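Take a look at the structure set out below.
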Protein chains: 2
Amino acid sequence: MPSYKAPVRDMKFILHEMLNISEMSKFEQFSDLDVDLVDAILEEGAKFTENELAPLNVVGDHEGCVRHADGSVTTPKGFKEAYKTLVENGWTSIVRDPAYGGQGMPGLLGISVAEMQTSANMAFSMYPGLTGGAIKAISVGGSPEQKQTYLPKMISGEWSGTMNLTEPHCGTDLGLLKTKAVKQADGSYKITGQKIFISAGEHDLTDNIIHLVLARTEDAPAGVKGISLFIVPKFILDENENPGERNGVSCGAIEEKMGIHGNSTCVMNYDDATGYMIGEENKGLRVMFVMMNEARIGVGMQGLGQSEVAYQNAVEYARDRLQGRSLTGPKNENGPADPIIVHPDVRRMLMETRAFNEAGRALLYWGAKQEDIERHSKDEKAVERADDILGLLTPVIKGYLTDKAMQTTIDCQQVFGGHGFIEEWGMSQFVRDCRIALIYEGANGIQALDLVGRKLARNGGRALMKLNGEMDAFIAENKGNEDVADFITALEGAKAKLTEGTMWLMQNGMTNPDNAGAGSVDYMHMMGLTVFSYLWAKMAVISQKAIDDGSNEEFYTNKLITGRYFTARMLPMIDSHLAKLKTGAEPVMALAADAF
Amino acid sequence: MPSYKAPVRDMKFILHEMLNISEMSKFEQFSDLDVDLVDAILEEGAKFTENELAPLNVVGDHEGCVRHADGSVTTPKGFKEAYKTLVENGWTSIVRDPAYGGQGMPGLLGISVAEMQTSANMAFSMYPGLTGGAIKAISVGGSPEQKQTYLPKMISGEWSGTMNLTEPHCGTDLGLLKTKAVKQADGSYKITGQKIFISAGEHDLTDNIIHLVLARTEDAPAGVKGISLFIVPKFILDENENPGERNGVSCGAIEEKMGIHGNSTCVMNYDDATGYMIGEENKGLRVMFVMMNEARIGVGMQGLGQSEVAYQNAVEYARDRLQGRSLTGPKNENGPADPIIVHPDVRRMLMETRAFNEAGRALLYWGAKQEDIERHSKDEKAVERADDILGLLTPVIKGYLTDKAMQTTIDCQQVFGGHGFIEEWGMSQFVRDCRIALIYEGANGIQALDLVGRKLARNGGRALMKLNGEMDAFIAENKGNEDVADFITALEGAKAKLTEGTMWLMQNGMTNPDNAGAGSVDYMHMMGLTVFSYLWAKMAVISQKAIDDGSNEEFYTNKLITGRYFTARMLPMIDSHLAKLKTGAEPVMALAADAF
């Protein structure tokens, strides 16, 4: 059975040495932040996820969720107990607002904890994960009363939440949605329609489920301008705000999926269900998008999380499995064969995954830090800057991280040879679970379009200018540092190529938008690689300094070795992406639609 | 439910217009070959696979195979009837030796038929597929009596065959295998041991199963020099050569796998089972490798087959699914949205798959033609040449085609958005089934090592020189052809880069073999891309000529468009691979094994 060990040392490196989490204490909300507490939380998070969640991962995959005739859903064996522990240990409230019972820790710490849960058991982690999204939506768009009514119990984990966007005929194009909301005399609404692909739509983990549902009021304008957002609790609250009467919402079916079997993906039927509007009429998408941006970071993390746990198990297998001899002579002379970790191609797959995971984690946590700044800084300039950078990075985190994670997770499965294909070994599950991350919360093609069509151009390209400015300052500062000169040179090269790609898009995307569309995924990968190059250079500078300062912890040497793998073996991809981008729409669009 | 339509037009293009299958009639065995018959077989093959096999694909995935307490195995509903039809219609004997009841058609035609079966139902196609491998082994290594005893009923399809190589502790490194063969007074052997991952090891489709088993005789030398090959029938033949007494071989378990559920992947237990040696003692691997080379071509075809059927279904979905509007203005103004095929990134995924499939098919069939020449030509030079080219191409066909097919099949799944992740739509199955093709018959890393470590250097690099010579002649011949100048230029560029990579390997692989190992997969992809570039140029020349000759069949224009997609969007990958290759072993091997 596969296992999981939280990469606490690497998390500490990023949180403390790279992103300086202690700086957060300058924000009022985090004024009590204590570095020792951060480390203690990481250690506790590691224990919980390694010992409680990881062993249930295979169980969840194997058993799946069961829908009963009455529409109720049972989660896999052990999930209920694990969820109880999750709640009791306070993991659901760690980054939440103290005004509603949260512990008010930085999101930067929260993302480490969330990464652990995701690696250990992605399907399980989605139950609290979706609740987090719903909390965010209510926090952003809800009235004071709605916040008071729903947030405390969602934050404590007593209730969970869902997001209901997709309908059978529309996912990406929400303007087409049909679910109806009819206003009642008491100001509430009756919601009727069908939603599909609703993660955690029905289950047995919590006393209530707070569904957030996109629907149209009567006479709402067509398209995206007529969509409102509603709270639809599974049980309508009674006068004491406890779950009371069953609402007209039920799970019609559970989808049979490729992966994340432990999470119930439901068809949800709304039949005159009582709902309460969040925020303004016809402005539901605005709130939903705030939530979705956070969810996109979470999905990027799912990619990374699967790649990390797949890596760990592949490493273990590669050390244990004896097969063949090293090309440079036996390394395990007394054994029947060498461990397969001696083979360069096995190494290549492990190094690729490792170099991806470490940079991916840095990118993800860097993004989380921007969100903390955006939410808690009082400095308008700093908020604007954080918002710009995060907006630009979000599609890259979601799209690039999951695209690459799919490849690395498959590579890790490949290390197992035939055993990788056998379910018992667990590698298939990582691949199957990872697969959804490229699709939901906006398929990766949509992320690329968001990047190229919206984020690049917004405010006259301000976000990219800020990112470039930050990289330029870093380059200037470290240019004389001989020991890491290779990292700086690589970054300069990547940056120049990204700029070339950006210029090409500016010059050619206007005349024919399909030029931008056709190159969008290549551009997203170019930005991912450039940002990785920047983060690797940063991590190299820090590691080199630690060594220069006398540390003999191997961690730092290994960091440099891994970073140099990135530069040598991953970064060259940027040239192919640039070349492809610059061929424009013609090769992609030339074939008539009926000729395919 | 997904569907399949055999790409008969493209098959005819390759068989007739590109590879000139009618030329085969110059070989004695194919002297009666009739072009009309070829086409008739393609049409019949299409009907059978589209109507009989494709509908069972989902059934097979869903039901899987069931092992009963007595060790017997039931295949999914409908497989038995379909197999009966397969046999009755003569599909199992089509390319087999007329001396044993075969129809003696060229392998070049056989591969088209096999491709159809694989696309329609990969798990099903493996039952006759494995028999084909066993037939090959007996044909190559068996005594005249063994051939007479086993081949006719295997060729007719009454009996099936298997290959038993892998043991729990060894797959790639067969030198470690432990299964024992003890010689009996009558010249037969008693075989004892356990084999795993035995495809079609036990099932209910045939009256007998002829297992080919690698084992060690007593006192055999250690390692690969002490391995012999044995025939072990499930039922020992009686005096009339009919299945009689049950042999001491049984299925101990069926593996639970990621895909190909319709094929029974068995743990096979041999307990004093009666076996008959094929060929010489301790020379079993030689025969097995002949068979394995053919099997590798078959696995490359599995990748292509899944990519083709995934493509077809993704195209259909992309035409039907209405979501969003074209970036260049509505294309379906009266509808609620445009079909997603208008979106450049959806096109990109479809075009990538299409360009891969058409070149992959050309490569595969070109390889099959070499095998026909190798087997049937009387011209020693021609045989040597075909053998060289096929030897060089085999790892590329297996490794490059399946690596790329995994990516394209995932892309086609991506076209479906959320529905791609739901089993009901069938795209998940194509991805899960495809996954095994990167692993078995020598994992793709092993293919790359075979290419770089053996095939390149063999006979002083003769094979690559021949391939280069062929490409150079083609370039010289078509250099003045303005209409396809872009294809020729692209090929020249690819060839130069491949040569640069080859030179680098020659210069650096000797001093440190890990340099070759670390770059082997990149080199394999470079060769794949170069050969694709050659084949696309050939197909372009033929298509352009057809157009110049007055054809107005859109097929030719579309061929050119698809080829130009390849040149613009796929071929640039070669630069990244070359750059990565040239960084050598250092970045890959620098990390200490215990530091991962």
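Convention: chains lettered A, B, ... in structure tokens order; per-chain residue numbering from 1; ligands numbered from 1 as shown.
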
Identify all chain B residues at most 7 Å from chain A by counting only C-alpha atoms; ligands do not count. Present them as JSON, numbers by chain.
{"B": [170, 172, 173, 255, 256, 257, 258, 315, 323, 324, 327, 328, 341, 344, 345, 347, 348, 351, 414, 417, 418, 421, 422, 423, 428, 436, 439, 440, 443, 445, 513, 514, 517, 518, 558, 561, 564, 565, 568, 569, 572, 573, 575, 576, 579, 580, 583, 587, 588, 589, 590, 591, 593, 596]}

For B:His261, please output as a PyMOL selection string all residues within 9 Å (counting only C-alpha atoms; exclusion window: fewer than 5 positions along the same chain).
chain B and resi 60-65+123+256+433

List every residue of stretch 190-333 of chain A that DSSP, applied to the backbone of this structure, places in helix (DSSP H, G or I), and write the result as a compact mmCIF listing (two decimals) with all heavy atoms, in the first residue's frame.
# COMPACT_ATOMS: atom_id res chain seq x y z
N GLY A 223 -28.19 35.22 -20.49
CA GLY A 223 -26.73 35.19 -20.43
C GLY A 223 -26.19 35.41 -19.03
O GLY A 223 -26.91 35.29 -18.02
N VAL A 224 -24.91 35.77 -18.97
CA VAL A 224 -24.23 35.87 -17.67
C VAL A 224 -24.72 37.05 -16.84
O VAL A 224 -24.44 37.13 -15.65
CB VAL A 224 -22.70 35.99 -17.84
CG1 VAL A 224 -22.13 34.69 -18.37
CG2 VAL A 224 -22.33 37.13 -18.78
N LYS A 225 -25.45 37.95 -17.47
CA LYS A 225 -25.93 39.12 -16.71
C LYS A 225 -27.20 38.84 -15.93
O LYS A 225 -27.73 39.74 -15.27
CB LYS A 225 -26.14 40.29 -17.66
CG LYS A 225 -24.83 40.85 -18.15
CD LYS A 225 -25.00 41.97 -19.14
CE LYS A 225 -23.64 42.48 -19.59
NZ LYS A 225 -23.73 43.21 -20.86
N GLY A 226 -27.70 37.61 -16.01
CA GLY A 226 -28.93 37.31 -15.30
C GLY A 226 -28.77 36.17 -14.30
O GLY A 226 -29.71 35.41 -14.07
N GLY A 284 -24.59 37.34 -9.29
CA GLY A 284 -24.11 36.14 -8.62
C GLY A 284 -22.74 35.68 -9.09
O GLY A 284 -21.95 35.15 -8.33
N LEU A 285 -22.47 35.91 -10.37
CA LEU A 285 -21.20 35.40 -10.91
C LEU A 285 -20.01 36.09 -10.28
O LEU A 285 -18.94 35.49 -10.13
CB LEU A 285 -21.15 35.59 -12.43
CG LEU A 285 -21.77 34.48 -13.26
CD1 LEU A 285 -21.46 34.71 -14.72
CD2 LEU A 285 -21.26 33.11 -12.82
N ARG A 286 -20.22 37.38 -9.92
CA ARG A 286 -19.11 38.13 -9.34
C ARG A 286 -18.61 37.44 -8.06
O ARG A 286 -17.42 37.23 -7.86
CB ARG A 286 -19.57 39.55 -9.04
CG ARG A 286 -18.44 40.52 -8.86
CD ARG A 286 -18.96 41.91 -8.53
NE ARG A 286 -19.71 42.50 -9.64
CZ ARG A 286 -20.35 43.68 -9.54
NH1 ARG A 286 -20.32 44.36 -8.41
NH2 ARG A 286 -21.01 44.16 -10.57
N VAL A 287 -19.57 37.07 -7.21
CA VAL A 287 -19.21 36.37 -5.96
C VAL A 287 -18.61 35.00 -6.29
O VAL A 287 -17.61 34.59 -5.72
CB VAL A 287 -20.46 36.20 -5.07
CG1 VAL A 287 -20.10 35.41 -3.82
CG2 VAL A 287 -21.04 37.56 -4.72
N MET A 288 -19.26 34.33 -7.21
CA MET A 288 -18.79 32.99 -7.56
C MET A 288 -17.35 33.05 -8.08
O MET A 288 -16.56 32.15 -7.82
CB MET A 288 -19.73 32.42 -8.63
CG MET A 288 -19.76 30.92 -8.72
SD MET A 288 -19.96 30.05 -7.13
CE MET A 288 -21.47 29.14 -7.35
N PHE A 289 -17.00 34.11 -8.77
CA PHE A 289 -15.65 34.18 -9.32
C PHE A 289 -14.60 34.42 -8.25
O PHE A 289 -13.48 33.92 -8.36
CB PHE A 289 -15.56 35.22 -10.45
CG PHE A 289 -15.77 34.58 -11.79
CD1 PHE A 289 -16.92 34.82 -12.54
CD2 PHE A 289 -14.84 33.68 -12.30
CE1 PHE A 289 -17.14 34.20 -13.75
CE2 PHE A 289 -15.04 33.05 -13.51
CZ PHE A 289 -16.20 33.31 -14.25
N VAL A 290 -14.97 35.17 -7.24
CA VAL A 290 -14.03 35.33 -6.12
C VAL A 290 -13.70 33.96 -5.53
O VAL A 290 -12.54 33.59 -5.34
CB VAL A 290 -14.65 36.23 -5.02
CG1 VAL A 290 -13.76 36.22 -3.78
CG2 VAL A 290 -14.88 37.63 -5.53
N MET A 291 -14.76 33.22 -5.32
CA MET A 291 -14.59 31.88 -4.77
C MET A 291 -13.82 30.99 -5.73
O MET A 291 -12.96 30.21 -5.34
CB MET A 291 -15.97 31.30 -4.54
CG MET A 291 -15.95 29.90 -4.06
SD MET A 291 -17.63 29.39 -3.66
CE MET A 291 -18.28 29.08 -5.27
N MET A 292 -14.13 31.15 -7.01
CA MET A 292 -13.51 30.26 -7.99
C MET A 292 -12.02 30.51 -8.11
O MET A 292 -11.25 29.58 -8.32
CB MET A 292 -14.20 30.41 -9.34
CG MET A 292 -14.23 29.06 -10.03
SD MET A 292 -14.99 29.08 -11.64
CE MET A 292 -16.44 30.04 -11.43
N ASN A 293 -11.61 31.74 -7.97
CA ASN A 293 -10.19 32.01 -8.02
C ASN A 293 -9.45 31.27 -6.90
O ASN A 293 -8.38 30.72 -7.12
CB ASN A 293 -9.92 33.51 -7.93
CG ASN A 293 -10.02 34.15 -9.30
OD1 ASN A 293 -9.66 33.53 -10.30
ND2 ASN A 293 -10.52 35.36 -9.36
N GLU A 294 -10.07 31.26 -5.73
CA GLU A 294 -9.45 30.52 -4.63
C GLU A 294 -9.47 29.03 -4.94
O GLU A 294 -8.50 28.31 -4.71
CB GLU A 294 -10.19 30.81 -3.32
CG GLU A 294 -9.48 30.19 -2.13
CD GLU A 294 -10.02 30.72 -0.81
OE1 GLU A 294 -9.99 31.95 -0.62
OE2 GLU A 294 -10.46 29.89 0.01
N ALA A 295 -10.59 28.59 -5.50
CA ALA A 295 -10.70 27.16 -5.81
C ALA A 295 -9.66 26.76 -6.85
O ALA A 295 -9.13 25.64 -6.81
CB ALA A 295 -12.10 26.86 -6.32
N ARG A 296 -9.34 27.65 -7.76
CA ARG A 296 -8.34 27.33 -8.79
C ARG A 296 -6.96 27.11 -8.18
O ARG A 296 -6.22 26.23 -8.61
CB ARG A 296 -8.31 28.44 -9.85
CG ARG A 296 -9.52 28.35 -10.73
CD ARG A 296 -9.69 29.49 -11.71
NE ARG A 296 -10.85 29.16 -12.56
CZ ARG A 296 -11.30 29.92 -13.55
NH1 ARG A 296 -10.72 31.08 -13.83
NH2 ARG A 296 -12.33 29.53 -14.26
N ILE A 297 -6.65 27.91 -7.17
CA ILE A 297 -5.39 27.68 -6.45
C ILE A 297 -5.43 26.30 -5.81
O ILE A 297 -4.47 25.54 -5.84
CB ILE A 297 -5.20 28.75 -5.35
CG1 ILE A 297 -5.30 30.17 -5.91
CG2 ILE A 297 -3.91 28.52 -4.59
CD1 ILE A 297 -4.10 30.65 -6.64
N GLY A 298 -6.60 25.98 -5.24
CA GLY A 298 -6.76 24.68 -4.60
C GLY A 298 -6.59 23.52 -5.58
O GLY A 298 -6.04 22.48 -5.23
N VAL A 299 -7.05 23.71 -6.79
CA VAL A 299 -6.92 22.64 -7.78
C VAL A 299 -5.47 22.52 -8.25
O VAL A 299 -4.96 21.41 -8.44
CB VAL A 299 -7.88 22.87 -8.96
CG1 VAL A 299 -7.63 21.86 -10.06
CG2 VAL A 299 -9.32 22.79 -8.48
N GLY A 300 -4.80 23.65 -8.41
CA GLY A 300 -3.36 23.59 -8.70
C GLY A 300 -2.65 22.77 -7.62
O GLY A 300 -1.78 21.95 -7.90
N MET A 301 -3.06 23.00 -6.40
CA MET A 301 -2.48 22.26 -5.27
C MET A 301 -2.78 20.78 -5.37
O MET A 301 -1.96 19.94 -5.00
CB MET A 301 -3.03 22.81 -3.97
CG MET A 301 -2.43 22.15 -2.76
SD MET A 301 -3.21 22.78 -1.27
CE MET A 301 -4.87 22.19 -1.54
N GLN A 302 -3.96 20.43 -5.86
CA GLN A 302 -4.28 19.00 -6.00
C GLN A 302 -3.30 18.33 -6.96
O GLN A 302 -2.85 17.21 -6.72
CB GLN A 302 -5.71 18.83 -6.52
CG GLN A 302 -6.75 19.24 -5.49
CD GLN A 302 -8.17 18.97 -5.95
OE1 GLN A 302 -8.47 19.07 -7.14
NE2 GLN A 302 -9.04 18.63 -5.03
N GLY A 303 -2.97 19.04 -8.04
CA GLY A 303 -1.97 18.50 -8.95
C GLY A 303 -0.66 18.26 -8.23
O GLY A 303 -0.11 17.15 -8.22
N LEU A 304 -0.18 19.31 -7.59
CA LEU A 304 1.07 19.19 -6.85
C LEU A 304 1.00 18.08 -5.81
O LEU A 304 1.93 17.28 -5.66
CB LEU A 304 1.40 20.52 -6.16
CG LEU A 304 2.59 20.45 -5.21
CD1 LEU A 304 3.88 20.24 -5.98
CD2 LEU A 304 2.67 21.69 -4.33
N GLY A 305 -0.13 18.03 -5.10
CA GLY A 305 -0.27 17.04 -4.03
C GLY A 305 -0.17 15.62 -4.54
O GLY A 305 0.48 14.76 -3.91
N GLN A 306 -0.77 15.34 -5.68
CA GLN A 306 -0.68 13.99 -6.23
C GLN A 306 0.72 13.71 -6.75
O GLN A 306 1.25 12.61 -6.62
CB GLN A 306 -1.73 13.80 -7.34
CG GLN A 306 -3.16 13.86 -6.85
CD GLN A 306 -3.40 13.00 -5.63
OE1 GLN A 306 -3.39 11.78 -5.71
NE2 GLN A 306 -3.59 13.61 -4.47
N SER A 307 1.34 14.71 -7.34
CA SER A 307 2.69 14.54 -7.85
C SER A 307 3.66 14.26 -6.69
O SER A 307 4.55 13.41 -6.80
CB SER A 307 3.11 15.80 -8.62
OG SER A 307 4.40 15.68 -9.13
N GLU A 308 3.45 14.93 -5.58
CA GLU A 308 4.32 14.73 -4.41
C GLU A 308 4.19 13.31 -3.85
O GLU A 308 5.18 12.64 -3.63
CB GLU A 308 3.98 15.76 -3.32
CG GLU A 308 4.64 15.53 -1.96
CD GLU A 308 6.16 15.68 -1.98
OE1 GLU A 308 6.67 16.53 -2.73
OE2 GLU A 308 6.85 14.93 -1.25
N VAL A 309 2.97 12.87 -3.64
CA VAL A 309 2.81 11.54 -3.03
C VAL A 309 3.21 10.45 -4.04
O VAL A 309 3.79 9.43 -3.65
CB VAL A 309 1.37 11.34 -2.48
CG1 VAL A 309 0.33 11.26 -3.59
CG2 VAL A 309 1.29 10.11 -1.58
N ALA A 310 2.98 10.67 -5.30
CA ALA A 310 3.42 9.71 -6.32
C ALA A 310 4.94 9.63 -6.33
O ALA A 310 5.53 8.54 -6.43
CB ALA A 310 2.89 10.13 -7.70
N TYR A 311 5.58 10.79 -6.21
CA TYR A 311 7.04 10.84 -6.17
C TYR A 311 7.59 10.02 -5.00
O TYR A 311 8.49 9.20 -5.16
CB TYR A 311 7.50 12.30 -6.05
CG TYR A 311 8.95 12.48 -5.70
CD1 TYR A 311 9.94 12.32 -6.68
CD2 TYR A 311 9.36 12.80 -4.41
CE1 TYR A 311 11.28 12.48 -6.37
CE2 TYR A 311 10.70 12.96 -4.10
CZ TYR A 311 11.66 12.80 -5.08
OH TYR A 311 12.99 12.94 -4.77
N GLN A 312 7.03 10.26 -3.84
CA GLN A 312 7.54 9.57 -2.65
C GLN A 312 7.47 8.06 -2.81
O GLN A 312 8.41 7.34 -2.45
CB GLN A 312 6.73 9.98 -1.42
CG GLN A 312 6.91 11.43 -1.03
CD GLN A 312 6.15 11.79 0.24
OE1 GLN A 312 5.68 10.91 0.96
NE2 GLN A 312 6.04 13.08 0.51
N ASN A 313 6.37 7.59 -3.33
CA ASN A 313 6.22 6.14 -3.48
C ASN A 313 7.10 5.59 -4.60
O ASN A 313 7.60 4.48 -4.51
CB ASN A 313 4.74 5.79 -3.68
CG ASN A 313 3.97 5.92 -2.38
OD1 ASN A 313 4.01 5.03 -1.54
ND2 ASN A 313 3.32 7.06 -2.19
N ALA A 314 7.29 6.39 -5.64
CA ALA A 314 8.17 5.96 -6.74
C ALA A 314 9.62 5.87 -6.26
O ALA A 314 10.36 4.95 -6.63
CB ALA A 314 8.05 6.90 -7.92
N VAL A 315 10.03 6.82 -5.44
CA VAL A 315 11.38 6.80 -4.89
C VAL A 315 11.60 5.52 -4.08
O VAL A 315 12.60 4.82 -4.23
CB VAL A 315 11.65 8.04 -4.02
CG1 VAL A 315 12.88 7.85 -3.16
CG2 VAL A 315 11.78 9.29 -4.89
N GLU A 316 10.62 5.24 -3.24
CA GLU A 316 10.74 4.06 -2.40
C GLU A 316 10.85 2.78 -3.24
O GLU A 316 11.69 1.92 -2.99
CB GLU A 316 9.51 3.99 -1.48
CG GLU A 316 9.68 3.01 -0.34
CD GLU A 316 8.99 3.55 0.92
OE1 GLU A 316 8.87 4.80 1.03
OE2 GLU A 316 8.58 2.73 1.75
N TYR A 317 10.00 2.70 -4.25
CA TYR A 317 10.03 1.53 -5.13
C TYR A 317 11.37 1.46 -5.85
O TYR A 317 11.97 0.38 -5.97
CB TYR A 317 8.88 1.59 -6.13
CG TYR A 317 8.73 0.34 -6.95
CD1 TYR A 317 8.03 -0.76 -6.44
CD2 TYR A 317 9.29 0.23 -8.22
CE1 TYR A 317 7.89 -1.92 -7.18
CE2 TYR A 317 9.15 -0.93 -8.97
CZ TYR A 317 8.45 -2.00 -8.45
OH TYR A 317 8.32 -3.16 -9.19
N ALA A 318 11.85 2.59 -6.33
CA ALA A 318 13.10 2.62 -7.10
C ALA A 318 14.30 2.21 -6.24
O ALA A 318 15.29 1.70 -6.75
CB ALA A 318 13.32 4.00 -7.70
N ARG A 319 14.20 2.45 -4.95
CA ARG A 319 15.29 2.04 -4.06
C ARG A 319 15.22 0.56 -3.72
O ARG A 319 16.23 -0.08 -3.49
CB ARG A 319 15.21 2.83 -2.74
CG ARG A 319 15.76 4.22 -2.82
CD ARG A 319 16.23 4.67 -1.43
NE ARG A 319 16.33 6.10 -1.41
CZ ARG A 319 15.40 6.91 -0.88
NH1 ARG A 319 14.32 6.41 -0.33
NH2 ARG A 319 15.58 8.21 -0.91
N ASP A 320 13.98 0.03 -3.69
CA ASP A 320 13.78 -1.36 -3.26
C ASP A 320 13.88 -2.36 -4.40
O ASP A 320 14.35 -3.47 -4.21
CB ASP A 320 12.39 -1.52 -2.64
CG ASP A 320 12.28 -0.84 -1.29
OD1 ASP A 320 13.33 -0.40 -0.77
OD2 ASP A 320 11.16 -0.72 -0.77

Given only C-alpha atoms as the basis, pick out the residue of B:Val113, B:Leu451, B:Leu56, B:Val484 nearest to B:Asp388.
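Counting only C-alpha atoms, the residue closest to B:Asp388 is B:Leu451.
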
From a DSSP pass on the backbone, collect the residues of stretch 253-319 of chain B flagged as strand (DSSP E) and hand them back as a PyMOL selection string.
chain B and resi 253-254+265-278

Keeping only N, CA, C and O atoms, write the selected residues as an mmCIF file, in the first residue's frame.
data_model
loop_
_atom_site.group_PDB
_atom_site.id
_atom_site.type_symbol
_atom_site.label_atom_id
_atom_site.label_comp_id
_atom_site.auth_asym_id
_atom_site.auth_seq_id
_atom_site.Cartn_x
_atom_site.Cartn_y
_atom_site.Cartn_z
ATOM 1 N N ALA B 253 -4.987 -16.089 -9.644
ATOM 2 C CA ALA B 253 -5.687 -14.824 -9.358
ATOM 3 C C ALA B 253 -5.746 -14.008 -10.635
ATOM 4 O O ALA B 253 -4.955 -14.211 -11.558
ATOM 5 N N ILE B 254 -6.726 -13.112 -10.665
ATOM 6 C CA ILE B 254 -6.762 -12.109 -11.732
ATOM 7 C C ILE B 254 -6.366 -10.778 -11.110
ATOM 8 O O ILE B 254 -6.851 -10.424 -10.042
ATOM 9 N N THR B 265 -5.775 -10.674 -16.882
ATOM 10 C CA THR B 265 -4.348 -10.616 -16.560
ATOM 11 C C THR B 265 -4.142 -11.515 -15.351
ATOM 12 O O THR B 265 -4.608 -11.207 -14.265
ATOM 13 N N CYS B 266 -3.449 -12.628 -15.577
ATOM 14 C CA CYS B 266 -3.469 -13.696 -14.572
ATOM 15 C C CYS B 266 -2.134 -13.886 -13.867
ATOM 16 O O CYS B 266 -1.071 -13.699 -14.449
ATOM 17 N N VAL B 267 -2.237 -14.286 -12.628
ATOM 18 C CA VAL B 267 -1.131 -14.932 -11.941
ATOM 19 C C VAL B 267 -1.236 -16.405 -12.320
ATOM 20 O O VAL B 267 -2.276 -17.031 -12.093
ATOM 21 N N MET B 268 -0.198 -16.948 -12.940
ATOM 22 C CA MET B 268 -0.257 -18.341 -13.377
ATOM 23 C C MET B 268 0.673 -19.184 -12.505
ATOM 24 O O MET B 268 1.869 -18.890 -12.393
ATOM 25 N N ASN B 269 0.102 -20.231 -11.940
ATOM 26 C CA ASN B 269 0.892 -21.131 -11.103
ATOM 27 C C ASN B 269 1.188 -22.419 -11.863
ATOM 28 O O ASN B 269 0.270 -23.080 -12.359
ATOM 29 N N TYR B 270 2.457 -22.744 -11.947
ATOM 30 C CA TYR B 270 2.895 -23.973 -12.601
ATOM 31 C C TYR B 270 3.364 -24.929 -11.527
ATOM 32 O O TYR B 270 4.261 -24.613 -10.748
ATOM 33 N N ASP B 271 2.719 -26.085 -11.504
ATOM 34 C CA ASP B 271 3.031 -27.036 -10.447
ATOM 35 C C ASP B 271 3.251 -28.399 -11.106
ATOM 36 O O ASP B 271 2.298 -29.119 -11.379
ATOM 37 N N ASP B 272 4.504 -28.682 -11.383
ATOM 38 C CA ASP B 272 4.837 -29.912 -12.117
ATOM 39 C C ASP B 272 4.032 -30.032 -13.414
ATOM 40 O O ASP B 272 3.562 -31.118 -13.774
ATOM 41 N N ALA B 273 3.867 -28.919 -14.057
ATOM 42 C CA ALA B 273 3.126 -28.931 -15.321
ATOM 43 C C ALA B 273 4.003 -29.531 -16.419
ATOM 44 O O ALA B 273 5.208 -29.289 -16.465
ATOM 45 N N THR B 274 3.385 -30.301 -17.287
ATOM 46 C CA THR B 274 4.127 -30.908 -18.386
ATOM 47 C C THR B 274 4.418 -29.870 -19.468
ATOM 48 O O THR B 274 3.508 -29.177 -19.923
ATOM 49 N N GLY B 275 5.689 -29.776 -19.823
ATOM 50 C CA GLY B 275 6.083 -28.824 -20.852
ATOM 51 C C GLY B 275 7.026 -29.456 -21.858
ATOM 52 O O GLY B 275 7.658 -30.481 -21.578
ATOM 53 N N TYR B 276 7.099 -28.825 -23.033
ATOM 54 C CA TYR B 276 7.955 -29.329 -24.100
ATOM 55 C C TYR B 276 8.875 -28.215 -24.551
ATOM 56 O O TYR B 276 8.401 -27.127 -24.899
ATOM 57 N N MET B 277 10.145 -28.495 -24.558
ATOM 58 C CA MET B 277 11.102 -27.443 -24.896
ATOM 59 C C MET B 277 10.970 -27.019 -26.360
ATOM 60 O O MET B 277 10.803 -27.853 -27.242
ATOM 61 N N ILE B 278 11.062 -25.711 -26.561
ATOM 62 C CA ILE B 278 11.115 -25.187 -27.929
ATOM 63 C C ILE B 278 12.558 -24.824 -28.232
ATOM 64 O O ILE B 278 13.176 -24.059 -27.492
#

I'd like the contact shell of B:Ala6 - 12 Å cut-off, only C-alpha atoms, skipping same-chain residues fewer than 4 positions apart - returned as a ChimeraX atom specification.
/B:10-12,42-51,53-54,112-120,305,308-309,311-312

Here is a test: counting only C-alpha atoms, which residue of A:Glu281, A:Asp238, A:Asp97, A:Asp483 is nearest to A:Pro221?
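For A:Pro221, the nearest of the candidates is A:Glu281.
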
Tell me which protein, DNA and RNA residues are within 12 Å of B:Asn481, counting only C-alpha atoms, leaving out same-chain ones fewer than 2 positions away, and put them as an MDAnalysis selection string.
chainID B and resid 474:479 483:489 537:538 540:542 544:545 548
